[in-house]
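Source file: coords.tsv (TSV, C-alpha atoms and all ligand atoms)
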```
chain	number	residue	atom	x	y	z
A	1215	MET	CA	-21.93	11.57	6.04
A	1216	ALA	CA	-23.88	8.97	4.12
A	1217	GLU	CA	-22.04	6.07	2.57
A	1218	PHE	CA	-22.19	5.68	-1.19
A	1219	SER	CA	-24.96	3.50	-2.54
A	1220	LEU	CA	-23.91	0.68	-4.85
A	1221	ASP	CA	-24.82	2.82	-7.86
A	1222	GLU	CA	-22.83	5.79	-6.58
A	1223	MET	CA	-19.84	3.56	-5.98
A	1224	ARG	CA	-20.20	2.04	-9.44
A	1225	THR	CA	-20.12	5.52	-10.97
A	1226	ALA	CA	-17.15	6.52	-8.81
A	1227	HIS	CA	-15.30	3.37	-9.84
A	1228	GLU	CA	-16.00	3.99	-13.53
A	1229	LYS	CA	-14.63	7.52	-13.22
A	1230	LEU	CA	-11.57	6.25	-11.44
A	1231	GLU	CA	-10.98	3.55	-14.06
A	1232	ALA	CA	-11.12	6.24	-16.74
A	1233	ARG	CA	-8.51	8.27	-14.84
A	1234	MET	CA	-6.31	5.19	-14.54
A	1235	ALA	CA	-6.72	4.25	-18.19
A	1236	ASN	CA	-5.90	7.78	-19.24
A	1237	ALA	CA	-2.75	7.91	-17.11
A	1238	CYS	CA	-1.64	4.52	-18.43
A	1239	ALA	CA	-2.20	5.68	-22.01
A	1240	GLN	CA	-0.23	8.89	-21.31
A	1241	SER	CA	2.73	6.87	-20.14
A	1242	ASN	CA	2.43	3.97	-22.59
A	1243	ARG	CA	1.79	1.45	-19.86
A	1244	PRO	CA	-0.64	-1.46	-20.12
A	1245	SER	CA	-3.46	-0.97	-17.62
A	1246	GLU	CA	-2.86	-4.46	-16.18
A	1247	ASP	CA	0.40	-3.10	-14.78
A	1248	VAL	CA	-1.39	-0.99	-12.19
A	1249	LYS	CA	-3.29	-2.68	-9.40
A	1250	LEU	CA	-6.02	-0.79	-7.63
A	1251	VAL	CA	-6.08	-1.11	-3.85
A	1252	TRP	CA	-9.46	-0.01	-2.52
A	1253	VAL	CA	-8.75	1.88	0.71
A	1254	SER	CA	-11.79	1.08	2.82
A	1255	LYS	CA	-10.52	2.56	6.10
A	1256	PHE	CA	-13.21	4.30	8.14
A	1257	HIS	CA	-15.92	2.83	5.90
A	1258	PRO	CA	-18.24	0.12	7.18
A	1259	MET	CA	-18.44	-3.48	6.06
A	1260	SER	CA	-21.45	-2.59	3.88
A	1261	ALA	CA	-19.13	-0.41	1.79
A	1262	VAL	CA	-16.68	-3.30	1.49
A	1263	GLU	CA	-19.57	-5.54	0.35
A	1264	ASN	CA	-20.48	-3.02	-2.35
A	1265	ALA	CA	-16.88	-2.86	-3.49
A	1266	LEU	CA	-16.77	-6.66	-3.67
A	1267	ALA	CA	-19.94	-6.61	-5.79
A	1268	LEU	CA	-18.12	-4.26	-8.17
A	1269	GLY	CA	-15.21	-6.66	-8.49
A	1270	ALA	CA	-12.72	-5.25	-5.98
A	1271	THR	CA	-10.05	-7.80	-5.04
A	1272	ASP	CA	-7.56	-5.75	-3.03
A	1273	PHE	CA	-8.41	-3.70	0.04
A	1274	GLY	CA	-6.24	-1.34	2.05
A	1275	GLU	CA	-6.64	-0.58	5.74
A	1276	ASN	CA	-4.36	1.59	7.79
A	1277	ARG	CA	-5.32	0.34	11.22
A	1278	VAL	CA	-4.71	-3.27	12.15
A	1279	GLN	CA	-7.77	-3.58	14.37
A	1280	GLU	CA	-10.07	-2.35	11.62
A	1281	ALA	CA	-8.46	-4.75	9.15
A	1282	VAL	CA	-9.04	-7.62	11.56
A	1283	GLU	CA	-12.69	-6.66	11.99
A	1284	LYS	CA	-13.31	-6.57	8.26
A	1285	PHE	CA	-10.92	-9.08	6.74
A	1286	SER	CA	-10.02	-11.79	9.23
A	1287	VAL	CA	-12.63	-14.02	7.59
A	1288	LYS	CA	-10.71	-14.88	4.44
A	1289	ARG	CA	-12.46	-14.87	1.09
A	1290	PRO	CA	-10.89	-16.63	-1.85
A	1291	GLY	CA	-9.14	-14.24	-4.21
A	1292	ILE	CA	-9.50	-11.25	-1.89
A	1293	ARG	CA	-6.38	-9.63	-0.44
A	1294	CYS	CA	-5.95	-7.34	2.53
A	1295	HIS	CA	-3.17	-4.74	2.49
A	1296	ILE	CA	-2.02	-2.99	5.66
A	1297	ILE	CA	-0.96	0.47	4.55
A	1298	GLY	CA	-0.52	2.34	7.84
A	1299	PRO	CA	2.31	2.19	10.37
A	1300	VAL	CA	2.10	-0.90	12.58
A	1301	GLN	CA	3.15	-0.76	16.21
A	1302	SER	CA	5.43	-3.54	17.28
A	1303	ASN	CA	2.78	-5.19	19.46
A	1304	LYS	CA	0.33	-5.30	16.54
A	1305	LEU	CA	2.67	-6.99	14.06
A	1306	LYS	CA	1.34	-10.43	14.89
A	1307	LYS	CA	-2.26	-9.50	14.17
A	1308	ALA	CA	-1.14	-7.62	11.08
A	1309	ALA	CA	0.77	-10.65	9.79
A	1310	PHE	CA	-2.28	-12.86	10.27
A	1311	VAL	CA	-4.81	-10.63	8.54
A	1312	ALA	CA	-2.65	-9.18	5.78
A	1313	ASP	CA	-1.49	-10.55	2.48
A	1314	CYS	CA	0.83	-7.59	2.11
A	1315	ILE	CA	2.12	-4.95	4.53
A	1316	HIS	CA	3.18	-1.73	2.80
A	1317	SER	CA	4.54	0.18	5.74
A	1318	ILE	CA	7.62	-1.61	7.09
A	1319	ALA	CA	10.35	0.78	8.12
A	1320	SER	CA	12.62	-0.90	10.66
A	1321	MET	CA	14.87	-3.92	11.02
A	1322	GLU	CA	13.12	-4.73	14.25
A	1323	ALA	CA	9.83	-5.08	12.38
A	1324	VAL	CA	11.47	-7.27	9.73
A	1325	GLU	CA	12.93	-9.56	12.38
A	1326	LYS	CA	9.68	-9.84	14.31
A	1327	LEU	CA	7.65	-10.50	11.19
A	1328	GLU	CA	10.01	-13.22	10.04
A	1329	LYS	CA	9.64	-14.92	13.41
A	1330	ILE	CA	5.86	-14.57	13.43
A	1331	CYS	CA	5.50	-15.85	9.87
A	1332	ALA	CA	7.88	-18.76	10.50
A	1333	GLU	CA	5.76	-19.84	13.47
A	1334	ALA	CA	2.57	-19.45	11.44
A	1335	ASP	CA	4.16	-21.19	8.45
A	1336	LYS	CA	3.12	-18.30	6.24
A	1337	THR	CA	4.89	-16.27	3.59
A	1338	LEU	CA	4.12	-12.57	3.65
A	1339	ASP	CA	4.72	-9.86	1.06
A	1340	ILE	CA	6.18	-6.69	2.50
A	1341	LEU	CA	7.02	-3.28	1.13
A	1342	PHE	CA	9.29	-0.74	2.74
A	1343	GLN	CA	7.84	2.68	3.30
A	1344	VAL	CA	10.06	5.60	2.43
A	1345	ASN	CA	9.26	9.09	3.62
A	1346	ALA	CA	10.06	10.51	0.21
A	1347	GLY	CA	7.74	13.46	0.72
A	1348	GLU	CA	10.08	14.43	3.58
A	1349	GLU	CA	7.44	15.61	5.95
A	1350	ALA	CA	8.25	15.35	9.60
A	1351	THR	CA	4.84	13.94	10.51
A	1352	LYS	CA	4.97	11.07	8.05
A	1353	SER	CA	6.26	7.67	8.88
A	1354	GLY	CA	8.68	5.61	6.88
A	1355	LEU	CA	12.39	5.44	6.31
A	1356	ASP	CA	14.13	8.74	6.00
A	1357	ILE	CA	15.10	9.39	2.41
A	1358	ARG	CA	18.80	9.27	3.32
A	1359	GLU	CA	18.41	6.11	5.40
A	1360	ALA	CA	16.51	4.15	2.78
A	1361	GLU	CA	19.41	2.93	0.67
A	1362	PRO	CA	21.72	1.87	3.53
A	1363	PHE	CA	18.75	0.22	5.21
A	1364	LEU	CA	17.95	-1.83	2.11
A	1365	LEU	CA	21.61	-2.73	1.65
A	1366	SER	CA	21.76	-3.99	5.22
A	1367	LEU	CA	18.89	-6.39	4.47
A	1368	GLU	CA	21.19	-8.26	2.17
A	1369	ASN	CA	23.69	-9.06	4.88
A	1370	HIS	CA	21.02	-9.76	7.41
A	1371	VAL	CA	19.94	-13.19	8.56
A	1372	PRO	CA	17.77	-14.74	5.87
A	1373	CYS	CA	14.03	-14.14	5.99
A	1374	PRO	CA	12.56	-17.09	4.13
A	1375	HIS	CA	9.02	-16.24	5.24
A	1376	LEU	CA	9.09	-12.68	3.94
A	1377	ARG	CA	9.08	-11.58	0.35
A	1378	PHE	CA	10.58	-8.13	-0.11
A	1379	ARG	CA	8.30	-6.83	-2.84
A	1380	GLY	CA	9.21	-3.18	-3.21
A	1381	LEU	CA	8.67	0.31	-1.89
A	1382	MET	CA	5.79	2.47	-0.76
A	1383	THR	CA	5.47	6.19	-0.25
A	1384	ILE	CA	2.88	8.86	0.40
A	1385	GLY	CA	3.16	11.87	-1.91
A	1386	LYS	CA	3.43	15.44	-0.79
A	1387	ASN	CA	-0.31	15.92	-0.32
A	1388	THR	CA	-0.13	19.64	-1.08
A	1389	GLY	CA	-3.25	19.52	-3.23
A	1390	VAL	CA	-1.04	19.86	-6.31
A	1391	ALA	CA	-0.34	16.43	-7.77
A	1392	GLU	CA	2.76	17.58	-9.65
A	1393	ASP	CA	4.43	18.33	-6.33
A	1394	SER	CA	4.72	14.59	-5.76
A	1395	ARG	CA	6.41	13.77	-9.06
A	1396	GLU	CA	9.94	14.14	-7.75
A	1397	CYS	CA	9.42	11.88	-4.77
A	1398	PHE	CA	7.66	9.26	-6.90
A	1399	ALA	CA	10.53	9.32	-9.38
A	1400	PHE	CA	13.01	8.99	-6.51
A	1401	LEU	CA	11.15	5.93	-5.27
A	1402	ARG	CA	11.17	4.34	-8.72
A	1403	HIS	CA	14.93	4.84	-9.07
A	1404	LEU	CA	15.56	3.25	-5.71
A	1405	GLN	CA	13.25	0.31	-6.43
A	1406	GLN	CA	14.78	-0.31	-9.87
A	1407	LYS	CA	18.26	-0.22	-8.43
A	1408	PHE	CA	17.47	-2.87	-5.84
A	1409	LEU	CA	15.47	-5.03	-8.24
A	1410	ALA	CA	18.55	-5.06	-10.45
A	1411	HIS	CA	20.60	-6.27	-7.43
A	1412	GLY	CA	18.66	-9.54	-7.45
A	1413	GLY	CA	19.29	-11.87	-4.51
A	1414	VAL	CA	16.91	-10.99	-1.70
A	1415	PHE	CA	15.51	-8.31	-4.02
A	1416	ALA	CA	14.66	-10.69	-6.86
A	1417	SER	CA	10.94	-9.92	-6.50
A	1418	PHE	CA	11.33	-6.26	-5.60
A	1419	ASP	CA	9.04	-5.27	-8.44
A	1420	GLN	CA	6.31	-3.26	-6.70
A	1421	LEU	CA	5.87	0.47	-6.27
A	1422	SER	CA	2.94	1.44	-4.06
A	1423	MET	CA	2.32	5.12	-4.64
A	1424	GLY	CA	-0.51	7.40	-5.65
A	1425	MET	CA	-3.78	8.21	-3.90
A	1426	THR	CA	-6.98	10.02	-4.91
A	1427	GLY	CA	-5.21	13.34	-5.47
A	1428	ASP	CA	-2.06	12.26	-7.27
A	1429	LEU	CA	-2.63	8.87	-8.85
A	1430	GLU	CA	-2.02	10.06	-12.43
A	1431	VAL	CA	1.43	11.37	-11.56
A	1432	ALA	CA	2.18	8.17	-9.65
A	1433	ILE	CA	1.16	6.00	-12.62
A	1434	GLU	CA	3.27	8.12	-14.95
A	1435	GLU	CA	6.20	7.60	-12.58
A	1436	GLY	CA	5.78	3.82	-12.50
A	1437	ALA	CA	3.32	2.93	-9.71
A	1438	THR	CA	2.29	-0.72	-9.78
A	1439	MET	CA	-0.22	-0.29	-6.95
A	1440	ILE	CA	-2.27	2.80	-6.27
A	1441	ARG	CA	-4.09	3.15	-2.95
A	1442	VAL	CA	-7.39	4.92	-3.44
A	1443	GLY	CA	-9.98	5.72	-0.79
A	1444	THR	CA	-11.91	8.93	-1.31
A	1445	ALA	CA	-12.42	8.58	-5.07
A	1446	LEU	CA	-14.08	5.18	-4.55
A	1447	PHE	CA	-15.83	5.39	-1.18
A	1448	GLY	CA	-16.42	9.13	-0.75
A	1449	GLU	CA	-15.21	11.25	2.14
A	1450	ARG	CA	-14.24	9.49	5.35
A	1451	ASP	CA	-16.09	10.27	8.53
A	1452	TYR	CA	-13.37	10.35	11.18
A	1453	SER	CA	-15.91	10.89	13.95
A	1454	THR	CA	-17.08	7.27	13.75
A	1455	LYS	CA	-14.83	4.99	15.65
A	1456	MET	CA	-14.99	1.52	14.25
A	1501	LIG	C1	-5.97	6.85	3.58
A	1501	LIG	C2	-4.81	6.42	2.79
A	1501	LIG	C3	-4.86	6.36	1.38
A	1501	LIG	C4	-6.07	6.76	0.56
A	1501	LIG	O1	-6.19	8.14	0.49
A	1501	LIG	P1	-7.27	8.87	-0.44
A	1501	LIG	O2	-6.72	10.24	-0.60
A	1501	LIG	O3	-8.57	8.83	0.28
A	1501	LIG	O4	-7.34	8.15	-1.74
A	1501	LIG	C5	-3.73	5.90	0.72
A	1501	LIG	N1	-2.61	5.54	1.39
A	1501	LIG	C6	-2.52	5.58	2.73
A	1501	LIG	C7	-1.25	5.17	3.40
A	1501	LIG	C8	-3.61	6.03	3.47
A	1501	LIG	O5	-3.49	6.07	4.81
```

Could the structure of this file be written out as structure tokens, please?
Amino acid sequence: MAEFSLDEMRTAHEKLEARMANACAQSNRPSEDVKLVWVSKFHPMSAVENALALGATDFGENRVQEAVEKFSVKRPGIRCHIIGPVQSNKLKKAAFVADCIHSIASMEAVEKLEKICAEADKTLDILFQVNAGEEATKSGLDIREAEPFLLSLENHVPCPHLRFRGLMTIGKNTGVAEDSRECFAFLRHLQQKFLAHGGVFASFDQLSMGMTGDLEVAIEEGATMIRVGTALFGERDYSTKM
């Protein structure tokens, strides 16, 4: 599969921006409220360079190693988001390369990250992933575990090097965007509830939800970050191992 040329990517980005603008208008939200994370996983550095030329500032990778290969050389104003599950032994690398990790789902990971970031003298934004789509194969906190888990963060040892920024989920992925509305709405309710708590949740203002197939529904349900790969970079070629 050929990668998009710069012109093809420009066209794809324009189409996507129109979709985003339309969804924002539908839901009376200012377009600045929704950040676009360009999911460059499985695409080469040349694709990242094209995206940068088009003004991309936020990139999403779901594998730590691939993120390290592409984003360990920091560029001013460019942020790397880790959006896939991170094995315990990869948390250190993830913490070094990422500006934000979207996929935290255990107290063990929180504790490790706090330790790693304290040693590195770094503050890291994290989101908690909730398996709101309730599919057995997906990672994240079980929908019934999510609230007690978040509550337990409050009574936990302080994590001064982590900023709890909000929640992330993957929609139902049935091919029908509307199927994800309920789980996106669930996520928003949970996030709003904890933001209202204040304390360790004082900056819990982010909702990472919506991908190529369901971003309009996610924006309507309050997404502040959408994670888009296919609509910007074209189909992924999973046969290439980076
Ligand atoms: C791959 C991926 C995306 C992007 O999916 P597209 O359908 O290509 O837009 C978003 N979020 C996560 C967690 C992913 O792994």

Near-A:Glu1361 list (10 Å; all atoms listed in the file; drop same-chain fewer than 5 positions) as a list in words: Val1344, Leu1355, Asp1356, Ser1366, Leu1404, Gln1405, Lys1407 and Phe1408 of chain A

Close residues to ligand LIG 1501 (chain A) using only C-alpha atoms and all ligand atoms, limit 7 Å, as number ranges by chain: A: 1253, 1255, 1276, 1297-1298, 1384, 1425-1427, 1441-1445

With 5 Å added on each side, what axis-aligned box encloses every listed atom of stretch 1329-1339 of chain A? Give the centre and edge lengths in Å to one decimal, as JSON.
```
{"center_x": 6.1, "center_y": -15.5, "center_z": 7.3, "size_x": 17.1, "size_y": 21.3, "size_z": 22.4}
```

Atom-to-atom span, atom CA of A:Phe1400 and atom CA of A:Gln1240, Å: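 Computing the Euclidean distance for atom CA of A:Phe1400 and atom CA of A:Gln1240 yields 19.9 Å.
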
Which of A:Ala1239, A:Leu1421, A:Ile1330, A:Val1251 sits closest to A:His1295 [using only C-alpha atoms]: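 Residue with the minimum atom-to-atom distance to A:His1295: A:Val1251.
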
Interatomic distance (Å, one decimal) between atom CA of A:Arg1243 and atom CA of A:Phe1418: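 Rounded to one decimal, the two atoms are 18.8 Å apart.
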
Length of the atom CA of A:Cys1294 to atom CA of A:Ala1437 vector [Å]: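 We find that atom CA of A:Cys1294 and atom CA of A:Ala1437 lie 18.5 Å from each other.
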
Neighbours of point (-19.5, -3.2, -7.2) within 10 Å, using only C-alpha atoms, written as a PyMOL selection string: chain A and resi 1219-1225+1227+1261-1270

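Nearest residue to A:Ala1332, choosing from A:Ala1360, A:His1375, A:Lys1306, A:Ile1296 and counting all atoms listed in the file: A:His1375.
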
Selected residue of minimal separation from A:Glu1430 among A:Arg1233, A:Lys1249, A:Arg1450, A:Lys1307, counting all atoms listed in the file: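 Closest to A:Glu1430, using all atoms listed in the file: A:Arg1233.
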
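Nearest residue to A:Val1431 among A:Val1390, A:Val1287, A:Ala1410, A:Met1382 is A:Val1390, counting all atoms listed in the file.
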
Near A:Leu1305, counting only C-alpha atoms, which residues have an atom at most 9 Å away, once you skip same-chain residues fewer than 5 positions from it, shown as a PDB file with C-alpha atoms, in the coordinates of the input?
```pdb
ATOM      1  CA  VAL A1278      -4.710  -3.270  12.150  1.00  0.00           C
ATOM      2  CA  VAL A1300       2.100  -0.900  12.580  1.00  0.00           C
ATOM      3  CA  PHE A1310      -2.280 -12.860  10.270  1.00  0.00           C
ATOM      4  CA  ALA A1323       9.830  -5.080  12.380  1.00  0.00           C
ATOM      5  CA  LYS A1326       9.680  -9.840  14.310  1.00  0.00           C
ATOM      6  CA  LEU A1327       7.650 -10.500  11.190  1.00  0.00           C
ATOM      7  CA  ILE A1330       5.860 -14.570  13.430  1.00  0.00           C
TER       8      ILE A1330
END
```

Best match for closeness to A:Glu1333 among A:Pro1374, A:Gly1448, A:Gly1436, A:Gly1354, counting only C-alpha atoms: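 Ranked by minimum distance to A:Glu1333, first place goes to A:Pro1374.
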
Distance criterion (only C-alpha atoms): nearest to A:Ala1216 out of A:Leu1376, A:His1257, A:Asp1247, A:Trp1252: A:His1257

Residue contacts of A:Ser1245 (8 Å, all atoms listed in the file) excluding same-chain residues fewer than 5 positions away, as a PyMOL selection string: chain A and resi 1234-1235+1238

How about saving the chosen residues, C-alpha atoms kept, as a PDB file, in the coordinates of the input?
```pdb
ATOM      1  CA  MET A1234      -6.310   5.190 -14.540  1.00  0.00           C
ATOM      2  CA  ALA A1235      -6.720   4.250 -18.190  1.00  0.00           C
ATOM      3  CA  CYS A1238      -1.640   4.520 -18.430  1.00  0.00           C
TER       4      CYS A1238
END
```

Incomplete stretch 1350-1362 of chain A brought to N, CA, C and O atoms, written out as an mmCIF file, in the frame of the given file:
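Resulting contents of out_18.cif:
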```cif
data_model
loop_
_atom_site.group_PDB
_atom_site.id
_atom_site.type_symbol
_atom_site.label_atom_id
_atom_site.label_comp_id
_atom_site.auth_asym_id
_atom_site.auth_seq_id
_atom_site.Cartn_x
_atom_site.Cartn_y
_atom_site.Cartn_z
ATOM 1 N N ALA A 1350 7.891 15.826 8.269
ATOM 2 C CA ALA A 1350 8.250 15.350 9.600
ATOM 3 C C ALA A 1350 7.177 14.441 10.203
ATOM 4 O O ALA A 1350 7.473 13.506 10.934
ATOM 5 N N THR A 1351 5.938 14.694 9.890
ATOM 6 C CA THR A 1351 4.840 13.940 10.510
ATOM 7 C C THR A 1351 4.661 12.563 9.892
ATOM 8 O O THR A 1351 3.973 11.734 10.460
ATOM 9 N N LYS A 1352 5.231 12.346 8.725
ATOM 10 C CA LYS A 1352 4.970 11.070 8.050
ATOM 11 C C LYS A 1352 5.915 9.993 8.495
ATOM 12 O O LYS A 1352 7.066 10.229 8.781
ATOM 13 N N SER A 1353 5.400 8.763 8.477
ATOM 14 C CA SER A 1353 6.260 7.670 8.880
ATOM 15 C C SER A 1353 6.983 7.108 7.663
ATOM 16 O O SER A 1353 6.715 7.468 6.536
ATOM 17 N N GLY A 1354 7.903 6.225 7.946
ATOM 18 C CA GLY A 1354 8.680 5.610 6.880
ATOM 19 C C GLY A 1354 10.152 5.897 7.060
ATOM 20 O O GLY A 1354 10.546 6.694 7.906
ATOM 21 N N LEU A 1355 10.954 5.236 6.252
ATOM 22 C CA LEU A 1355 12.390 5.440 6.310
ATOM 23 C C LEU A 1355 12.731 6.823 5.799
ATOM 24 O O LEU A 1355 12.166 7.274 4.801
ATOM 25 N N ASP A 1356 13.619 7.456 6.479
ATOM 26 C CA ASP A 1356 14.130 8.740 6.000
ATOM 27 C C ASP A 1356 14.761 8.516 4.624
ATOM 28 O O ASP A 1356 15.348 7.475 4.359
ATOM 29 N N ILE A 1357 14.628 9.504 3.785
ATOM 30 C CA ILE A 1357 15.100 9.390 2.410
ATOM 31 C C ILE A 1357 16.604 9.048 2.343
ATOM 32 O O ILE A 1357 17.049 8.302 1.476
ATOM 33 N N ARG A 1358 17.365 9.546 3.298
ATOM 34 C CA ARG A 1358 18.800 9.270 3.320
ATOM 35 C C ARG A 1358 19.123 7.908 3.932
ATOM 36 O O ARG A 1358 20.170 7.335 3.664
ATOM 37 N N GLU A 1359 18.207 7.420 4.755
ATOM 38 C CA GLU A 1359 18.410 6.110 5.400
ATOM 39 C C GLU A 1359 18.023 4.954 4.497
ATOM 40 O O GLU A 1359 18.414 3.813 4.740
ATOM 41 N N ALA A 1360 17.169 5.237 3.509
ATOM 42 C CA ALA A 1360 16.510 4.150 2.780
ATOM 43 C C ALA A 1360 17.516 3.210 2.115
ATOM 44 O O ALA A 1360 17.438 1.993 2.276
ATOM 45 N N GLU A 1361 18.469 3.782 1.407
ATOM 46 C CA GLU A 1361 19.410 2.930 0.670
ATOM 47 C C GLU A 1361 20.289 2.092 1.603
ATOM 48 O O GLU A 1361 20.365 0.876 1.431
ATOM 49 N N PRO A 1362 20.934 2.713 2.596
ATOM 50 C CA PRO A 1362 21.720 1.870 3.530
ATOM 51 C C PRO A 1362 20.860 0.835 4.253
ATOM 52 O O PRO A 1362 21.310 -0.292 4.488
#
```
